[in-house]
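Asks: Structure below; questions to follow.
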Amino acid sequence: IKLGDLPTAAPLLKTLLIKGADESSLSPSGNNFMDAFERCDMPILECLELTYSKMLWTSRLLRPTLTSLVFGHARSAASSHTSLFTVLRTLDSMPLLQRLDIRNVLPRVNEASEVANIIHLVTLDRLSDLRVTDWGLSCAQLLSNLSFPGNTALIFDCELLESHMRTVCDAFASKLSSTNNGDRPNPILSVSLYSTPYTTTGLRGWHKVHPVEKLATPKLIPAPHFDFAIRLPTHSVVVQQLFEALPLSSIQSLYVDSTPAWDFSLSKDAWMKSFASLIQLRQLSVGSWGEYALPEVLSSRIPLSTEPTRKGGRRRMQPFFPKLSVLRFENTRLRDPYNPGDNGLIAGYRKAFQKRKKSRAELERLVIRRCLN
């Protein structure tokens, strides 16, 4: 299509998709490609999807009639003159938005102290799907300035520094712990913890209890209420910070998958610090490279969280994961891959199961599927 052939008005147009193959494909030499669309009046436009475009947050295409906006780049391309106020003011002008999917188009925030600043609070009462891929502090600052229903699906993919981890987690937690109408949010009952090669650790959560075998294959169950992916090499730090900050104490079903991050396996200390609050957990599944500290964890005892310490006495203890009844191993190793003749891991599990039986916290079901021994 020639730019000169575009009409100056499209009174019936409801959906506009503009995609390029790369960052430069929508910027033909000698032509301002997006200006041709800017000049076209689209009074009832509802769905706008722009990939690799040169559109600004002040574009006329960002109309009050939009119900769905997808806008992004393959890598961070937010210009230095774009301010968060401009972004928020534009979002505020689109109250009908139900879906918002933005990728690498937010102004970069470099200081954690800036995140809590309320620049311009925007309420999107109809939003049901929020997806953001960007710098972690930029995502956190956006969340601090948005209000939306408690059942809005939150899908975030953030790159950040380890020193910013707590700030970003707290921003996520604030949206899972409250709703825009003051109602108490539904508890998170199922969680899938996953990783990708070397850098990304993710956490998906559901409001319903799903069997752990289905958590291993998310396509078998409805889409999660949230999916937070953190691009940071230190997996144990990400896991601990996420579980400390987010309201996850009601979890009953947990799937831990370490594929294929060789350094993902958590130490005993990381297990204890990350999951000590999961006293309602009933189903646990471990996949892939295995968790070599898990036998020690299952053998451990922790204080009863609801019982105060008596003066001069000792607090009563309970097994770690006191209500755990189902343990599942799938596609994992039950021996040390560097010392295949060592049966210590299997012996450790046997000892842990015996201890739990004596503590009246015996497993009801043990599933071993497609494991290496």
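Each chain in the structure tokens gets a letter, A, B and so on, in the order shown; residues start at 1 in every chain, and ligands are counted from 1 in the order they appear.
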Counting only C-alpha atoms, which residues in stretch 222-304 of chain A sit no more than 12 Å from stretch 155-165 of chain A? For each one, give the nearest pair of atoms and the distance in Å, sorted by chain then residue number, as a Markdown table.
Replies:
```
| residue | atom | partner | partner_atom | distance |
| --- | --- | --- | --- | --- |
| A:Ala223 | CA | A:Ile155 | CA | 10.4 |
| A:Pro224 | CA | A:Ile155 | CA | 8.8 |
| A:His225 | CA | A:Ile155 | CA | 8.3 |
| A:Phe226 | CA | A:Ile155 | CA | 5.6 |
| A:Asp227 | CA | A:Ile155 | CA | 4.7 |
| A:Phe228 | CA | A:Phe156 | CA | 4.9 |
| A:Ala229 | CA | A:Asp157 | CA | 4.6 |
| A:Ile230 | CA | A:Cys158 | CA | 5.1 |
| A:Arg231 | CA | A:Glu159 | CA | 4.6 |
| A:Leu232 | CA | A:Leu160 | CA | 6.6 |
| A:Pro233 | CA | A:Glu162 | CA | 8.9 |
| A:Thr234 | CA | A:Glu162 | CA | 8.0 |
| A:His235 | CA | A:Glu162 | CA | 10.4 |
| A:Ser236 | CA | A:Glu162 | CA | 11.2 |
| A:Val237 | CA | A:Glu162 | CA | 7.9 |
| A:Val238 | CA | A:Met165 | CA | 7.3 |
| A:Val239 | CA | A:Met165 | CA | 10.4 |
| A:Gln240 | CA | A:Met165 | CA | 10.2 |
| A:Gln241 | CA | A:Met165 | CA | 7.1 |
| A:Leu242 | CA | A:Met165 | CA | 8.6 |
| A:Phe243 | CA | A:Met165 | CA | 12.0 |
| A:Glu244 | CA | A:Met165 | CA | 11.4 |
| A:Ala245 | CA | A:Met165 | CA | 10.1 |
```
Asks: Find the residues around A:Met272 up to 12 Å (only C-alpha atoms counted), leave out those fewer than 6 positions away in its own chain, and share them as a list in words.
Replies: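 Listing them by chain and then by number gives Ser236, Val239, Gln240, Phe243, Glu244, Leu266, Leu278, Ile279, Ala293, Leu294, Glu296, Val297, Leu298, Ser299, Ser300, Arg301, Ile302, Pro319, Phe320 and Phe321 of chain A.
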Asks: Tell me, in Å to one decimal, how far atom CA of A:Ile102 is from atom CA of A:Cys139.
Replies: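 Value for the atom CA of A:Ile102-atom CA of A:Cys139 distance: 10.3 Å.
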Asks: Determine, counting only C-alpha atoms, which protein, DNA and RNA residues have an atom within 10 Å of an atom of A:Thr86; residues of the same chain fewer than 2 positions away are not included. Present the result as a PyMOL selection string.
Replies: chain A and resi 56-58+81-84+88-92+107+120
Asks: How would you write, as a PyMOL selection string, the set of residues in stretch 63-177 of chain A that DSSP gives as helix (DSSP H, G or I)?
Replies: chain A and resi 84-92+112-114+136-144+162-176
Asks: Could you pull out the residues in stretch 57-113 of chain A that DSSP calls strand (DSSP E or B) from the backbone, as a PyMOL selection string?
Replies: chain A and resi 68-72+99-103
Asks: Could you take the residues named above and write them with C-alpha atoms, as a PDB file, in the first residue's frame?
Replies:
```pdb
ATOM      1  CA  SER A  68      -7.641  -3.154  23.548  1.00  0.00           C
ATOM      2  CA  LEU A  69      -4.147  -1.698  23.160  1.00  0.00           C
ATOM      3  CA  VAL A  70      -1.034  -3.689  22.217  1.00  0.00           C
ATOM      4  CA  PHE A  71       2.014  -1.481  21.790  1.00  0.00           C
ATOM      5  CA  GLY A  72       5.638  -2.540  21.909  1.00  0.00           C
ATOM      6  CA  ARG A  99      -6.757  -5.269  27.576  1.00  0.00           C
ATOM      7  CA  LEU A 100      -3.450  -3.420  27.888  1.00  0.00           C
ATOM      8  CA  ASP A 101      -0.280  -5.081  26.559  1.00  0.00           C
ATOM      9  CA  ILE A 102       2.811  -2.859  26.436  1.00  0.00           C
ATOM     10  CA  ARG A 103       6.401  -3.923  25.793  1.00  0.00           C
TER      11      ARG A 103
END
```
Asks: Set the distance at 6 Å and use only C-alpha atoms: which residues neighbour A:Pro295 once local chain neighbours fewer than 4 positions away are removed? I'd like the list as a list in words.
Replies: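 Within the cut-off, the hits are Gly348, Tyr349 and Ala352 of chain A.
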Asks: Mind giving me the straight-line distance from atom CA of A:Thr200 to atom CA of A:Gly136 in Å, one decimal?
Replies: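 Atom-to-atom, atom CA of A:Thr200 and atom CA of A:Gly136 are spaced 12.9 Å apart.
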Asks: Can you tell me how far atom CA of A:Arg335 sits from atom CA of A:Val367, in Å to one decimal?
Replies: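 Atom CA of A:Val367 lies at a distance of 16.5 Å from atom CA of A:Arg335.
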Asks: Extract, using only C-alpha atoms, all DNA, RNA and protein residues at most 8 Å from A:Pro303, discarding same-chain residues fewer than 2 positions from it, and format them as a PyMOL selection string.
Replies: chain A and resi 301+305+315-318
Asks: Could you turn the residues from that selection into a file that holds C-alpha atoms, as a short mmCIF file (atom, residue, chain, number, x, y, z; two decimals), in the first residue's frame?
Replies:
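again-v6.cif, freshly written:
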```cif
data_model
loop_
_atom_site.label_atom_id
_atom_site.label_comp_id
_atom_site.auth_asym_id
_atom_site.auth_seq_id
_atom_site.Cartn_x
_atom_site.Cartn_y
_atom_site.Cartn_z
CA ARG A 301 10.37 -28.93 62.21
CA SER A 305 2.93 -20.13 64.01
CA ARG A 315 7.26 -23.26 71.68
CA ARG A 316 5.59 -26.36 70.32
CA MET A 317 6.94 -27.56 66.99
CA GLN A 318 5.36 -28.98 63.84
#
```
Asks: Nearest to A:Arg63: which of A:Pro218, A:Pro149, A:Pro95, A:Pro185 is it, counting only C-alpha atoms?
Replies: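 Result for the nearest residue to A:Arg63: A:Pro95.
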Asks: Taking 5 positions as the minimum chain separation for residues in the same chain, which residues sit within 7 Å of A:Asn331 when counting only C-alpha atoms? Answer as a VMD selection string.
Replies: chain A and resid 287 to 288 369 to 371
Asks: Generate a file of the selected residues that holds N, CA, C and O atoms, formatted as a JSON list (two decimals), in the first residue's frame.
Replies:
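The new file out06.json reads:
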```json
[["chain", "number", "residue", "atom", "x", "y", "z"],
["A", 287, "GLY", "N", 10.02, -31.02, 39.75],
["A", 287, "GLY", "CA", 10.36, -31.48, 38.41],
["A", 287, "GLY", "C", 11.79, -31.18, 38.04],
["A", 287, "GLY", "O", 12.48, -30.38, 38.67],
["A", 288, "SER", "N", 12.24, -31.86, 37.01],
["A", 288, "SER", "CA", 13.51, -31.62, 36.33],
["A", 288, "SER", "C", 14.72, -31.94, 37.18],
["A", 288, "SER", "O", 14.82, -33.04, 37.66],
["A", 369, "ARG", "N", 7.20, -40.34, 38.58],
["A", 369, "ARG", "CA", 6.85, -40.50, 37.16],
["A", 369, "ARG", "C", 7.99, -39.99, 36.27],
["A", 369, "ARG", "O", 8.46, -38.87, 36.43],
["A", 370, "ARG", "N", 8.46, -40.85, 35.39],
["A", 370, "ARG", "CA", 9.51, -40.52, 34.45],
["A", 370, "ARG", "C", 10.74, -39.91, 35.13],
["A", 370, "ARG", "O", 11.26, -38.87, 34.70],
["A", 371, "CYS", "N", 11.23, -40.57, 36.17],
["A", 371, "CYS", "CA", 12.38, -40.08, 36.91],
["A", 371, "CYS", "C", 13.63, -40.90, 36.58],
["A", 371, "CYS", "O", 13.54, -42.06, 36.17]]
```
Asks: With only C-alpha atoms as the counted atoms, please give the residues lying no more than 7 Å from A:Arg328, apart from itself and same-chain residues fewer than 2 positions off, as an NGL selection string.
Replies: :A and (284-286 or 326 or 330 or 366-368)
